[in-house]
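Peer 1: Here you go, this is query.txt (compact mmCIF, C-alpha atoms).
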# COMPACT_ATOMS: atom_id res chain seq x y z
CA MET A 23 36.68 113.08 117.58
CA ARG A 24 35.46 116.13 115.66
CA THR A 25 38.67 116.22 113.57
CA TRP A 26 38.32 112.51 112.79
CA THR A 27 34.74 113.02 111.68
CA LEU A 28 35.74 115.87 109.41
CA MET A 29 38.50 113.74 107.90
CA MET A 30 36.15 110.88 107.11
CA VAL A 31 33.54 113.21 105.64
CA THR A 32 36.24 114.70 103.44
CA VAL A 33 37.41 111.31 102.22
CA LEU A 34 33.92 110.04 101.56
CA SER A 35 32.97 113.23 99.74
CA LEU A 36 35.66 112.48 97.18
CA VAL A 37 33.70 109.41 96.10
CA GLY A 38 30.94 111.48 94.57
CA LEU A 39 32.89 114.57 93.56
CA GLY A 40 36.25 113.37 92.29
CA VAL A 41 39.32 115.56 92.50
CA ARG A 42 38.05 118.21 90.08
CA GLY A 43 34.76 118.70 91.88
CA PHE A 44 36.64 118.88 95.14
CA LYS A 45 38.69 121.86 93.98
CA THR A 46 35.77 124.25 94.13
CA LEU A 47 34.92 123.19 97.68
CA LEU A 48 38.41 123.69 99.03
CA ASN A 49 39.65 126.99 97.67
CA ASP A 50 40.21 128.28 101.21
CA LYS A 51 42.68 125.87 102.83
CA ARG A 52 43.56 127.89 105.93
CA ALA A 53 40.82 126.55 108.21
CA LEU A 54 40.90 122.95 106.99
CA PRO A 55 42.13 120.02 109.09
CA PRO A 56 45.39 118.38 107.84
CA THR A 57 43.83 115.68 105.67
CA ARG A 58 41.53 118.16 103.92
CA GLN A 59 44.52 120.48 103.36
CA ARG A 60 46.37 117.58 101.74
CA PHE A 61 43.56 116.86 99.28
CA ALA A 62 43.12 120.55 98.56
CA ALA A 63 46.82 120.97 97.81
CA SER A 64 46.82 117.98 95.49
CA ALA A 65 43.91 119.49 93.56
CA THR A 66 45.69 122.75 92.75
CA PRO A 67 45.26 123.54 89.02
CA SER A 68 48.31 123.49 86.80
CA GLY A 69 49.47 126.81 85.44
CA ALA A 70 52.45 128.57 83.93
CA GLY A 71 54.71 127.30 86.70
CA ALA A 72 53.46 123.73 86.62
CA VAL A 73 56.01 120.93 86.91
CA VAL A 74 56.79 119.18 83.63
CA ARG A 75 57.13 115.44 84.05
CA GLY A 76 58.69 112.90 81.75
CA PRO A 77 56.73 110.21 79.88
CA ILE A 78 55.09 107.41 81.84
CA GLN A 79 56.91 104.10 81.36
CA PHE A 80 55.12 100.75 81.40
CA PHE A 81 57.11 97.50 81.34
CA TYR A 82 55.93 94.09 80.10
CA ASN A 83 57.48 90.62 80.22
CA ASP A 84 55.25 88.53 77.95
CA ILE A 85 58.20 88.36 75.53
CA PHE A 86 59.54 85.64 77.84
CA GLN A 87 57.38 82.75 76.69
CA VAL A 88 56.76 79.74 78.91
CA ASP A 89 55.33 76.52 77.50
CA MET A 90 52.81 75.49 80.15
CA PRO A 91 51.45 71.93 80.49
CA GLU A 92 48.00 71.32 79.05
CA GLY A 93 45.30 72.33 81.53
CA HIS A 94 47.65 74.12 83.95
CA ARG A 95 45.84 76.49 86.34
CA PHE A 96 48.08 79.49 85.69
CA PRO A 97 46.84 81.65 82.77
CA MET A 98 50.23 82.54 81.29
CA GLU A 99 48.74 83.78 78.00
CA LYS A 100 46.73 86.52 79.72
CA TYR A 101 49.76 88.84 80.04
CA ALA A 102 50.18 89.36 76.32
CA ALA A 103 46.41 89.70 75.94
CA PHE A 104 45.91 92.50 78.44
CA ARG A 105 49.16 94.22 77.41
CA ARG A 106 47.89 94.40 73.82
CA GLN A 107 44.52 95.71 74.97
CA ALA A 108 46.14 98.37 77.16
CA GLN A 109 48.37 99.48 74.29
CA GLN A 110 45.41 99.73 71.94
CA ARG A 111 43.35 101.72 74.40
CA LEU A 112 46.25 104.07 75.20
CA TYR A 113 47.31 104.59 71.59
CA SER A 114 46.16 108.21 71.58
CA LEU A 115 47.87 109.11 74.88
CA PRO A 116 51.41 110.14 73.89
CA SER A 117 52.64 110.40 77.47
CA VAL A 118 52.84 106.59 77.83
CA SER A 119 55.53 104.29 76.45
CA PHE A 120 55.87 100.49 76.67
CA HIS A 121 59.19 98.69 77.22
CA PRO A 122 60.28 95.04 77.60
CA SER A 123 61.08 94.11 81.19
CA PRO A 124 64.77 93.57 81.97
CA LEU A 125 65.98 90.60 84.00
CA ALA A 126 66.57 91.26 87.68
CA SER A 127 70.18 91.41 88.82
CA LEU A 128 71.64 89.18 91.49
CA ALA A 129 72.52 92.23 93.58
CA ASP A 130 68.93 93.43 93.54
CA LEU A 131 67.53 89.99 94.42
CA GLU A 132 69.91 89.76 97.37
CA THR A 133 68.43 92.89 98.92
CA THR A 134 65.48 90.69 99.86
CA HIS A 135 66.09 86.97 99.35
CA ASP A 136 68.55 84.48 100.78
CA PRO A 137 71.59 84.11 98.46
CA THR A 138 71.61 80.31 98.75
CA TYR A 139 67.90 80.14 97.89
CA ILE A 140 68.47 82.40 94.88
CA GLN A 141 71.30 80.21 93.60
CA ARG A 142 69.33 77.01 94.15
CA TYR A 143 66.49 78.35 92.07
CA LEU A 144 68.66 79.76 89.29
CA THR A 145 70.55 76.47 88.92
CA GLY A 146 67.49 74.22 89.19
CA HIS A 147 68.32 72.70 92.55
CA ILE A 148 64.81 72.90 93.95
CA THR A 149 62.85 70.10 95.57
CA ALA A 150 59.68 68.36 94.41
CA GLN A 151 57.87 69.91 97.37
CA GLU A 152 58.99 73.40 96.32
CA LYS A 153 57.66 72.75 92.83
CA ARG A 154 54.31 71.72 94.28
CA GLU A 155 54.15 74.74 96.58
CA SER A 156 55.08 77.18 93.83
CA GLY A 157 52.73 75.58 91.30
CA PHE A 158 55.46 75.62 88.65
CA ASP A 159 57.97 73.19 87.27
CA TRP A 160 61.54 74.38 86.72
CA ASN A 161 63.17 75.15 83.37
CA GLU A 162 65.09 78.00 81.77
CA GLN A 163 61.89 79.54 80.40
CA HIS A 164 60.54 79.83 83.93
CA VAL A 165 63.82 81.29 85.19
CA ASN A 166 63.77 84.06 82.59
CA ARG A 167 60.13 84.84 83.26
CA THR A 168 60.72 84.88 87.03
CA LEU A 169 63.69 87.22 86.71
CA SER A 170 61.78 89.51 84.37
CA SER A 171 58.80 89.54 86.74
CA VAL A 172 61.10 91.17 89.29
CA GLY A 173 63.17 93.17 86.83
CA GLY A 174 60.17 94.93 85.31
CA SER A 175 58.93 96.11 88.70
CA VAL A 176 62.41 97.33 89.61
CA ALA A 177 62.64 99.16 86.27
CA ALA A 178 59.26 100.83 86.84
CA THR A 179 60.50 101.94 90.27
CA HIS A 180 63.65 103.48 88.80
CA ALA A 181 61.48 105.20 86.18
CA VAL A 182 59.51 107.16 88.78
CA LEU A 183 62.50 108.02 90.97
CA ARG A 184 65.26 108.94 88.56
CA GLN A 185 65.54 112.61 87.69
CA ASP A 186 65.80 113.44 83.99
CA ASN A 187 66.71 117.11 83.62
CA ALA A 188 66.28 117.08 79.85
CA ARG A 189 62.62 116.09 80.16
CA GLY A 190 61.78 117.57 83.54
CA LEU A 191 60.96 115.53 86.62
CA ALA A 192 60.30 111.82 86.58
CA PRO A 193 56.63 110.82 86.14
CA GLN A 194 54.50 110.20 89.21
CA VAL A 195 53.49 106.71 88.10
CA GLY A 196 55.21 103.73 86.53
CA ALA A 197 53.92 100.23 86.01
CA HIS A 198 54.73 96.62 85.28
CA LEU A 199 52.18 94.57 83.37
CA ALA A 200 53.18 91.54 85.44
CA GLY A 201 54.52 90.99 88.96
CA GLY A 202 52.64 91.25 92.22
CA THR A 203 54.27 88.03 93.46
CA HIS A 204 53.33 88.67 97.08
CA HIS A 205 53.44 85.06 98.36
CA ALA A 206 57.24 84.71 98.12
CA PHE A 207 59.26 84.68 101.34
CA LYS A 208 62.96 85.20 102.02
CA ALA A 209 63.82 81.61 101.16
CA LYS A 210 60.50 80.04 100.27
CA MET A 211 58.29 79.91 97.17
CA GLU A 212 54.52 79.64 97.24
CA GLY A 213 51.40 80.20 95.15
CA PHE A 214 52.99 80.98 91.74
CA CYS A 215 55.55 83.26 93.45
CA ILE A 216 59.31 82.61 93.52
CA PHE A 217 60.73 86.05 94.38
CA SER A 218 58.77 89.05 95.64
CA ASP A 219 59.05 91.71 92.96
CA ILE A 220 57.46 94.38 95.19
CA ALA A 221 59.79 93.64 98.10
CA VAL A 222 62.88 93.67 95.87
CA ALA A 223 61.80 96.91 94.19
CA ALA A 224 61.06 98.51 97.59
CA ASN A 225 64.46 97.54 98.95
CA VAL A 226 66.17 98.80 95.79
CA ALA A 227 64.35 102.13 96.18
CA LEU A 228 65.49 102.42 99.81
CA ARG A 229 69.06 101.51 98.80
CA ASP A 230 69.40 103.69 95.69
CA TYR A 231 67.25 106.73 96.57
CA PRO A 232 67.74 107.35 100.30
CA ASN A 233 67.09 111.09 99.96
CA GLN A 234 63.83 110.59 98.05
CA VAL A 235 62.37 107.50 99.65
CA ARG A 236 62.11 107.22 103.40
CA LYS A 237 58.65 105.68 103.73
CA ILE A 238 56.97 103.12 101.47
CA LEU A 239 53.37 101.91 101.46
CA ILE A 240 52.36 98.61 99.86
CA VAL A 241 48.65 98.67 98.97
CA ASP A 242 47.75 95.05 98.25
CA LEU A 243 44.20 94.62 96.92
CA ASP A 244 44.58 91.14 95.51
CA VAL A 245 41.91 88.70 96.72
CA HIS A 246 44.61 86.82 98.66
CA GLN A 247 46.61 88.22 101.56
CA GLY A 248 50.07 89.59 100.77
CA ASN A 249 51.53 87.15 103.27
CA GLY A 250 55.08 87.09 101.93
CA ASN A 251 55.48 90.86 101.98
CA ALA A 252 53.96 91.01 105.47
CA VAL A 253 56.74 88.76 106.77
CA LEU A 254 59.53 90.29 104.69
CA PHE A 255 58.86 93.75 106.15
CA GLN A 256 57.61 92.85 109.61
CA ASP A 257 60.74 94.32 111.23
CA ASP A 258 61.23 97.26 108.85
CA ASP A 259 59.43 100.43 109.92
CA ARG A 260 60.24 102.08 106.60
CA VAL A 261 57.74 99.87 104.76
CA TYR A 262 54.05 99.78 105.74
CA THR A 263 52.09 96.76 104.49
CA PHE A 264 48.34 97.10 103.83
CA SER A 265 46.44 94.03 102.63
CA MET A 266 42.69 93.93 101.96
CA HIS A 267 41.68 90.40 101.00
CA CYS A 268 38.97 87.76 101.18
CA LYS A 269 38.49 86.26 104.63
CA GLY A 270 37.64 82.85 103.19
CA ASN A 271 40.50 82.61 100.71
CA TYR A 272 43.67 81.68 102.61
CA PHE A 273 45.61 78.75 101.13
CA SER A 274 48.49 78.89 103.65
CA ASP A 275 49.16 80.35 107.10
CA LYS A 276 47.75 83.81 107.70
CA GLU A 277 50.43 86.38 108.45
CA GLN A 278 50.19 89.81 110.07
CA SER A 279 50.53 92.89 107.90
CA ASP A 280 50.75 96.36 109.42
CA HIS A 281 47.10 96.74 108.42
CA ASP A 282 44.97 93.76 107.39
CA VAL A 283 41.35 93.99 106.26
CA GLU A 284 39.43 90.73 105.91
CA VAL A 285 36.48 90.95 103.53
CA GLU A 286 33.61 88.48 103.69
CA ALA A 287 32.97 86.34 100.60
CA ASN A 288 30.42 87.69 98.08
CA THR A 289 30.62 91.18 99.57
CA GLY A 290 30.10 92.90 96.20
CA ASP A 291 30.94 96.42 95.09
CA ALA A 292 29.13 98.52 97.69
CA GLY A 293 30.36 96.65 100.75
CA TYR A 294 33.90 96.34 99.42
CA LEU A 295 34.21 100.01 98.53
CA ALA A 296 32.79 101.07 101.89
CA LEU A 297 35.55 99.05 103.61
CA LEU A 298 38.16 100.56 101.32
CA GLU A 299 36.96 104.06 102.19
CA GLN A 300 37.21 103.19 105.87
CA HIS A 301 40.69 101.70 105.85
CA LEU A 302 42.72 103.11 102.94
CA PRO A 303 42.87 106.67 104.39
CA LEU A 304 44.27 105.23 107.63
CA ALA A 305 47.04 103.38 105.79
CA PHE A 306 48.10 106.52 103.94
CA GLU A 307 47.93 108.70 107.03
CA GLN A 308 49.87 106.18 109.12
CA SER A 309 52.62 105.76 106.54
CA LYS A 310 52.71 109.16 104.76
CA PRO A 311 54.52 107.42 101.91
CA ASP A 312 57.06 108.79 99.48
CA LEU A 313 56.49 105.73 97.31
CA VAL A 314 53.41 103.50 96.92
CA PHE A 315 53.35 100.02 95.41
CA PHE A 316 49.85 99.07 94.23
CA GLN A 317 49.32 95.33 93.93
CA ALA A 318 46.27 95.57 91.67
CA GLY A 319 45.14 91.95 91.48
CA ILE A 320 41.76 91.73 89.76
CA ASP A 321 40.86 88.34 91.23
CA PRO A 322 38.10 89.94 93.35
CA HIS A 323 36.17 90.07 90.03
CA ILE A 324 32.98 88.04 89.83
CA SER A 325 34.33 86.19 86.74
CA ASP A 326 37.48 85.04 88.56
CA ARG A 327 37.57 81.36 89.54
CA LEU A 328 39.81 81.83 92.60
CA GLY A 329 38.31 85.05 93.95
CA LYS A 330 35.13 85.07 96.02
CA LEU A 331 34.32 88.75 96.46
CA SER A 332 31.94 89.24 93.49
CA LEU A 333 33.15 92.66 92.38
CA THR A 334 32.14 94.03 88.99
CA ARG A 335 34.37 95.73 86.45
CA ALA A 336 33.02 99.13 87.51
CA GLY A 337 33.69 98.34 91.16
CA LEU A 338 37.30 97.46 90.40
CA GLN A 339 37.72 100.63 88.33
CA ARG A 340 36.52 102.66 91.27
CA ARG A 341 38.85 100.76 93.60
CA ASN A 342 41.82 101.54 91.36
CA LEU A 343 40.94 105.19 91.12
CA ARG A 344 40.79 105.62 94.89
CA VAL A 345 44.37 104.36 95.18
CA PHE A 346 45.50 106.79 92.47
CA GLN A 347 43.66 109.67 94.13
CA PHE A 348 45.30 109.02 97.48
CA ALA A 349 48.75 108.66 95.91
CA GLU A 350 48.28 112.04 94.23
CA ALA A 351 46.87 113.63 97.38
CA TYR A 352 49.92 112.53 99.38
CA ARG A 353 52.25 113.42 96.47
CA SER A 354 53.59 109.88 96.48
CA LYS A 355 55.26 108.21 93.55
CA CYS A 356 53.27 105.14 92.52
CA VAL A 357 54.31 101.82 90.99
CA VAL A 358 51.51 99.55 89.76
CA VAL A 359 51.88 95.77 89.35
CA ALA A 360 49.41 93.20 88.05
CA GLY A 361 48.71 90.64 90.76
CA GLY A 362 46.23 87.81 90.32
CA GLY A 363 43.49 87.23 87.77
CA TYR A 364 42.23 83.74 86.93
CA PRO A 365 39.31 83.50 84.48
CA SER A 366 36.68 80.90 85.36
CA ASP A 367 36.71 79.86 81.70
CA SER A 368 40.13 79.61 80.04
CA ASP A 369 38.71 79.80 76.51
CA PRO A 370 39.90 83.16 75.09
CA SER A 371 36.55 83.60 73.35
CA SER A 372 34.56 83.20 76.57
CA GLY A 373 32.94 85.99 78.55
CA PRO A 374 34.84 85.32 81.82
CA TYR A 375 38.18 85.34 79.99
CA GLY A 376 37.34 88.65 78.34
CA ASP A 377 36.22 90.08 81.70
CA VAL A 378 39.57 89.27 83.33
CA ILE A 379 41.59 90.68 80.43
CA ALA A 380 39.55 93.90 80.39
CA ALA A 381 39.82 94.32 84.18
CA HIS A 382 43.62 93.91 84.06
CA ALA A 383 43.87 96.41 81.21
CA ASP A 384 41.62 98.84 83.12
CA VAL A 385 44.24 99.11 85.86
CA TYR A 386 46.90 100.43 83.49
CA VAL A 387 44.59 102.52 81.33
CA GLY A 388 43.22 104.08 84.50
CA ALA A 389 46.70 104.85 85.85
CA ALA A 390 47.86 106.36 82.56
CA GLU A 391 44.75 108.49 82.17
CA PHE A 392 44.76 109.67 85.78
CA PHE A 393 48.43 110.60 86.01
CA GLY A 394 48.88 111.38 82.32
CA GLY A 395 46.24 114.04 81.92
CA GLY A 396 42.94 112.19 81.64
CA SER A 397 39.82 112.31 83.79
CA LYS A 398 40.17 112.20 87.57
CA MET A 399 36.49 111.80 88.30
CA VAL A 400 35.17 108.73 90.10
CA PRO A 401 33.33 106.42 87.65
CA LEU A 402 29.70 105.71 88.41
CA LEU A 403 28.76 102.22 89.46
CA ARG A 404 26.32 100.47 87.15
Translate this file's structure into structure tokens.
Peer 2:
Amino acid sequence: MRTWTLMMVTVLSLVGLGVRGFKTLLNDKRALPPTRQRFAASATPSGAGAVVRGPIQFFYNDIFQVDMPEGHRFPMEKYAAFRRQAQQRLYSLPSVSFHPSPLASLADLETTHDPTYIQRYLTGHITAQEKRESGFDWNEQHVNRTLSSVGGSVAATHAVLRQDNARGLAPQVGAHLAGGTHHAFKAKMEGFCIFSDIAVAANVALRDYPNQVRKILIVDLDVHQGNGNAVLFQDDDRVYTFSMHCKGNYFSDKEQSDHDVEVEANTGDAGYLALLEQHLPLAFEQSKPDLVFFQAGIDPHISDRLGKLSLTRAGLQRRNLRVFQFAEAYRSKCVVVAGGGYPSDSDPSSGPYGDVIAAHADVYVGAAEFFGGGSKMVPLLR
């Protein structure tokens, strides 16, 4: 009980101090319990023998345009908007590069999804009910966007796992400015999700990098449960699924992740972050991941029309940073994907639309600054 108390005090102390402030507290690691030793080791200053990592690679798929029907609920145009904002804000950080997302290969898709289902979708042999459940019609534009939604996440995964001797080690973080399609099942589409990009990328990592990746953690902080990934990995001990979502926001059957956290509607920043501090350390300690997928949906934002959690931009920034801090503390590679974000006003000049775009961009700017040499302090809530 005493060790558990010390661990929780350590984790909570990071909220106010950040990694840099924590260094001065933990310069003697010998008497620390395991979790405190882990954070202390991750906070070791770089020096002459520091590891040199290659540039951070971000992938984007808004080059695959889809002509949506007038008034459709899915905000397709947001991807280009927050990609441009992220690029502008990261212009002065030379360690980040942006690349178009490739299309997923059939072999990669088949690591996760039923081959017949894949072929039916690619050739347009899907039913009217499947179109209703997915929320999308079928055409070649949608096929290319769907394949790139998976391909970009797979490419980001390769980027953090491949070794590049000419440039040093691979970067600790990679990202896809799309993806997070966590409602897709083995042979079923649902909720704007056809294939699960995270599940495919996780299975590709396990297939292609068996010596580097033995344990994977999916941290899903979208406002909706990651139900598809929960089912896809329910019998695979190598992948630990963590989903923290709104209790009143299920639109299909609730599934069982390895660790589910149901958050009451209108919880707000303080209550949400307190729950995150309680449960996120347990997920990392249970899984001890080599690779983390962060489904960084920003639909908990107060300006989102589908989310009900009433988080502010500052609250989401702090949420993101805690995931990055834990990934660094456990020396895990990290792949970030976009997840949901649905502005309550679709007018690009409106405040809610701008809020959603800025919150999406914050995820990637925060990742690049944290892992690429920027500030690692916890932002203050306003």
Peer 1: Find the residues around A:Ile324 up to 7 Å (only C-alpha atoms counted), leave out those fewer than 2 positions away in its own chain, and share them as a list in words.
Peer 2: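 Counting only C-alpha atoms, the residues come to Pro322, Asp326, Leu331, Ser332, Leu333 and Thr334 of chain A.
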Peer 1: Rank nothing, just name the residue among A:Ile220, A:Val241, A:Phe86, A:Lys355 nearest to A:Arg184, using only C-alpha atoms.
Peer 2: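 The answer is A:Lys355, which sits nearest to A:Arg184.
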Peer 1: What does the distance from atom CA of A:Glu277 to atom CA of A:Ser265 come to in Å, to one decimal?
Peer 2: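 Between atom CA of A:Glu277 and atom CA of A:Ser265 the gap works out to 10.4 Å.
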Peer 1: Where does stretch 235-264 of chain A meet stretch 284-294 of chain A within 12 Å, residue by residue, with the nearest atom pair and distance in Å to one decimal for each, counting all atoms listed in the file, listed by chain and rising number, as JSON lines?
Peer 2:
{"residue": "A:Leu243", "atom": "CA", "partner": "A:Tyr294", "partner_atom": "CA", "distance": 10.7}
{"residue": "A:Asp244", "atom": "CA", "partner": "A:Val285", "partner_atom": "CA", "distance": 11.4}
{"residue": "A:Val245", "atom": "CA", "partner": "A:Val285", "partner_atom": "CA", "distance": 9.0}
{"residue": "A:His246", "atom": "CA", "partner": "A:Glu284", "partner_atom": "CA", "distance": 9.7}
{"residue": "A:Gln247", "atom": "CA", "partner": "A:Glu284", "partner_atom": "CA", "distance": 8.8}
{"residue": "A:Gly248", "atom": "CA", "partner": "A:Glu284", "partner_atom": "CA", "distance": 11.9}
{"residue": "A:Phe264", "atom": "CA", "partner": "A:Glu284", "partner_atom": "CA", "distance": 11.1}
Peer 1: Could you check which of A:Gln185, A:Thr134, A:Ser117, A:Ser156 is closest to A:Lys208, using only C-alpha atoms?
Peer 2: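 Once distances to A:Lys208 are computed over only C-alpha atoms, the minimum belongs to A:Thr134.
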Peer 1: Which of these, A:Gln317, A:Ser218, A:Gln194, A:Ser170, has the shortest distance to A:His267 once you count all atoms listed in the file?
Peer 2: A:Gln317
Peer 1: Write out as an NGL selection string the residues lying within 12 Å of A:Arg105, counting all atoms listed in the file and excluding same-chain residues fewer than 3 positions away.
Peer 2: :A and (80-85 or 99-102 or 108-112 or 119-122 or 197-200 or 360 or 379-387)
Peer 1: Which distance in Å separates atom CA of A:Phe255 and atom CA of A:Ala221, to one decimal?
Peer 2: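 These two atoms are separated by 8.1 Å.
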Peer 1: Work out how far atom CA of A:Ser123 is from atom CA of A:Val235, in Å to one decimal.
Peer 2: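 Those two atoms sit 22.8 Å apart.
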Peer 1: Give as a ChimeraX atom specification each residue that has an atom at most 12 Å from (62.4, 103.0, 93.8) in the file, counting only C-alpha atoms.
Peer 2: /A:130,174-185,192,194-197,219-239,312-315,354-357
Peer 1: Write the selection just made, keeping C-alpha atoms, as a PDB file, keeping the file's coordinate frame?
Peer 2:
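Output saved as result-v3.pdb:
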ATOM      1  CA  ASP A 130      68.930  93.430  93.540  1.00  0.00           C
ATOM      2  CA  GLY A 174      60.170  94.930  85.310  1.00  0.00           C
ATOM      3  CA  SER A 175      58.930  96.110  88.700  1.00  0.00           C
ATOM      4  CA  VAL A 176      62.410  97.330  89.610  1.00  0.00           C
ATOM      5  CA  ALA A 177      62.640  99.160  86.270  1.00  0.00           C
ATOM      6  CA  ALA A 178      59.260 100.830  86.840  1.00  0.00           C
ATOM      7  CA  THR A 179      60.500 101.940  90.270  1.00  0.00           C
ATOM      8  CA  HIS A 180      63.650 103.480  88.800  1.00  0.00           C
ATOM      9  CA  ALA A 181      61.480 105.200  86.180  1.00  0.00           C
ATOM     10  CA  VAL A 182      59.510 107.160  88.780  1.00  0.00           C
ATOM     11  CA  LEU A 183      62.500 108.020  90.970  1.00  0.00           C
ATOM     12  CA  ARG A 184      65.260 108.940  88.560  1.00  0.00           C
ATOM     13  CA  GLN A 185      65.540 112.610  87.690  1.00  0.00           C
ATOM     14  CA  ALA A 192      60.300 111.820  86.580  1.00  0.00           C
ATOM     15  CA  GLN A 194      54.500 110.200  89.210  1.00  0.00           C
ATOM     16  CA  VAL A 195      53.490 106.710  88.100  1.00  0.00           C
ATOM     17  CA  GLY A 196      55.210 103.730  86.530  1.00  0.00           C
ATOM     18  CA  ALA A 197      53.920 100.230  86.010  1.00  0.00           C
ATOM     19  CA  ASP A 219      59.050  91.710  92.960  1.00  0.00           C
ATOM     20  CA  ILE A 220      57.460  94.380  95.190  1.00  0.00           C
ATOM     21  CA  ALA A 221      59.790  93.640  98.100  1.00  0.00           C
ATOM     22  CA  VAL A 222      62.880  93.670  95.870  1.00  0.00           C
ATOM     23  CA  ALA A 223      61.800  96.910  94.190  1.00  0.00           C
ATOM     24  CA  ALA A 224      61.060  98.510  97.590  1.00  0.00           C
ATOM     25  CA  ASN A 225      64.460  97.540  98.950  1.00  0.00           C
ATOM     26  CA  VAL A 226      66.170  98.800  95.790  1.00  0.00           C
ATOM     27  CA  ALA A 227      64.350 102.130  96.180  1.00  0.00           C
ATOM     28  CA  LEU A 228      65.490 102.420  99.810  1.00  0.00           C
ATOM     29  CA  ARG A 229      69.060 101.510  98.800  1.00  0.00           C
ATOM     30  CA  ASP A 230      69.400 103.690  95.690  1.00  0.00           C
ATOM     31  CA  TYR A 231      67.250 106.730  96.570  1.00  0.00           C
ATOM     32  CA  PRO A 232      67.740 107.350 100.300  1.00  0.00           C
ATOM     33  CA  ASN A 233      67.090 111.090  99.960  1.00  0.00           C
ATOM     34  CA  GLN A 234      63.830 110.590  98.050  1.00  0.00           C
ATOM     35  CA  VAL A 235      62.370 107.500  99.650  1.00  0.00           C
ATOM     36  CA  ARG A 236      62.110 107.220 103.400  1.00  0.00           C
ATOM     37  CA  LYS A 237      58.650 105.680 103.730  1.00  0.00           C
ATOM     38  CA  ILE A 238      56.970 103.120 101.470  1.00  0.00           C
ATOM     39  CA  LEU A 239      53.370 101.910 101.460  1.00  0.00           C
ATOM     40  CA  ASP A 312      57.060 108.790  99.480  1.00  0.00           C
ATOM     41  CA  LEU A 313      56.490 105.730  97.310  1.00  0.00           C
ATOM     42  CA  VAL A 314      53.410 103.500  96.920  1.00  0.00           C
ATOM     43  CA  PHE A 315      53.350 100.020  95.410  1.00  0.00           C
ATOM     44  CA  SER A 354      53.590 109.880  96.480  1.00  0.00           C
ATOM     45  CA  LYS A 355      55.260 108.210  93.550  1.00  0.00           C
ATOM     46  CA  CYS A 356      53.270 105.140  92.520  1.00  0.00           C
ATOM     47  CA  VAL A 357      54.310 101.820  90.990  1.00  0.00           C
TER      48      VAL A 357
END
Peer 1: Please complete stretch 174-184 of chain A with N, CA, C and O atoms and give it back as a PDB file, in the frame of the given file.
Peer 2:
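File written: result.pdb
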ATOM      1  N   GLY A 174      61.083  93.908  85.812  1.00  0.00           N
ATOM      2  CA  GLY A 174      60.170  94.930  85.310  1.00  0.00           C
ATOM      3  C   GLY A 174      59.656  95.836  86.401  1.00  0.00           C
ATOM      4  O   GLY A 174      59.493  97.051  86.203  1.00  0.00           O
ATOM      5  N   SER A 175      59.397  95.291  87.579  1.00  0.00           N
ATOM      6  CA  SER A 175      58.930  96.110  88.700  1.00  0.00           C
ATOM      7  C   SER A 175      60.046  97.007  89.217  1.00  0.00           C
ATOM      8  O   SER A 175      59.802  98.162  89.603  1.00  0.00           O
ATOM      9  N   VAL A 176      61.265  96.495  89.221  1.00  0.00           N
ATOM     10  CA  VAL A 176      62.410  97.330  89.610  1.00  0.00           C
ATOM     11  C   VAL A 176      62.606  98.461  88.590  1.00  0.00           C
ATOM     12  O   VAL A 176      62.835  99.622  88.959  1.00  0.00           O
ATOM     13  N   ALA A 177      62.480  98.141  87.306  1.00  0.00           N
ATOM     14  CA  ALA A 177      62.640  99.160  86.270  1.00  0.00           C
ATOM     15  C   ALA A 177      61.569 100.242  86.385  1.00  0.00           C
ATOM     16  O   ALA A 177      61.857 101.440  86.220  1.00  0.00           O
ATOM     17  N   ALA A 178      60.337  99.847  86.673  1.00  0.00           N
ATOM     18  CA  ALA A 178      59.260 100.830  86.840  1.00  0.00           C
ATOM     19  C   ALA A 178      59.541 101.723  88.045  1.00  0.00           C
ATOM     20  O   ALA A 178      59.205 102.920  88.039  1.00  0.00           O
ATOM     21  N   THR A 179      60.147 101.155  89.079  1.00  0.00           N
ATOM     22  CA  THR A 179      60.500 101.940  90.270  1.00  0.00           C
ATOM     23  C   THR A 179      61.584 102.957  89.938  1.00  0.00           C
ATOM     24  O   THR A 179      61.487 104.135  90.317  1.00  0.00           O
ATOM     25  N   HIS A 180      62.620 102.531  89.231  1.00  0.00           N
ATOM     26  CA  HIS A 180      63.650 103.480  88.800  1.00  0.00           C
ATOM     27  C   HIS A 180      63.027 104.581  87.934  1.00  0.00           C
ATOM     28  O   HIS A 180      63.408 105.756  88.037  1.00  0.00           O
ATOM     29  N   ALA A 181      62.073 104.230  87.104  1.00  0.00           N
ATOM     30  CA  ALA A 181      61.480 105.200  86.180  1.00  0.00           C
ATOM     31  C   ALA A 181      60.789 106.349  86.901  1.00  0.00           C
ATOM     32  O   ALA A 181      60.772 107.477  86.403  1.00  0.00           O
ATOM     33  N   VAL A 182      60.201 106.079  88.067  1.00  0.00           N
ATOM     34  CA  VAL A 182      59.510 107.160  88.780  1.00  0.00           C
ATOM     35  C   VAL A 182      60.416 107.898  89.753  1.00  0.00           C
ATOM     36  O   VAL A 182      60.025 108.944  90.279  1.00  0.00           O
ATOM     37  N   LEU A 183      61.612 107.390  89.984  1.00  0.00           N
ATOM     38  CA  LEU A 183      62.500 108.020  90.970  1.00  0.00           C
ATOM     39  C   LEU A 183      63.696 108.718  90.358  1.00  0.00           C
ATOM     40  O   LEU A 183      64.238 109.649  90.947  1.00  0.00           O
ATOM     41  N   ARG A 184      64.131 108.278  89.193  1.00  0.00           N
ATOM     42  CA  ARG A 184      65.260 108.940  88.560  1.00  0.00           C
ATOM     43  C   ARG A 184      64.880 110.324  88.057  1.00  0.00           C
ATOM     44  O   ARG A 184      63.795 110.530  87.533  1.00  0.00           O
TER      45      ARG A 184
END
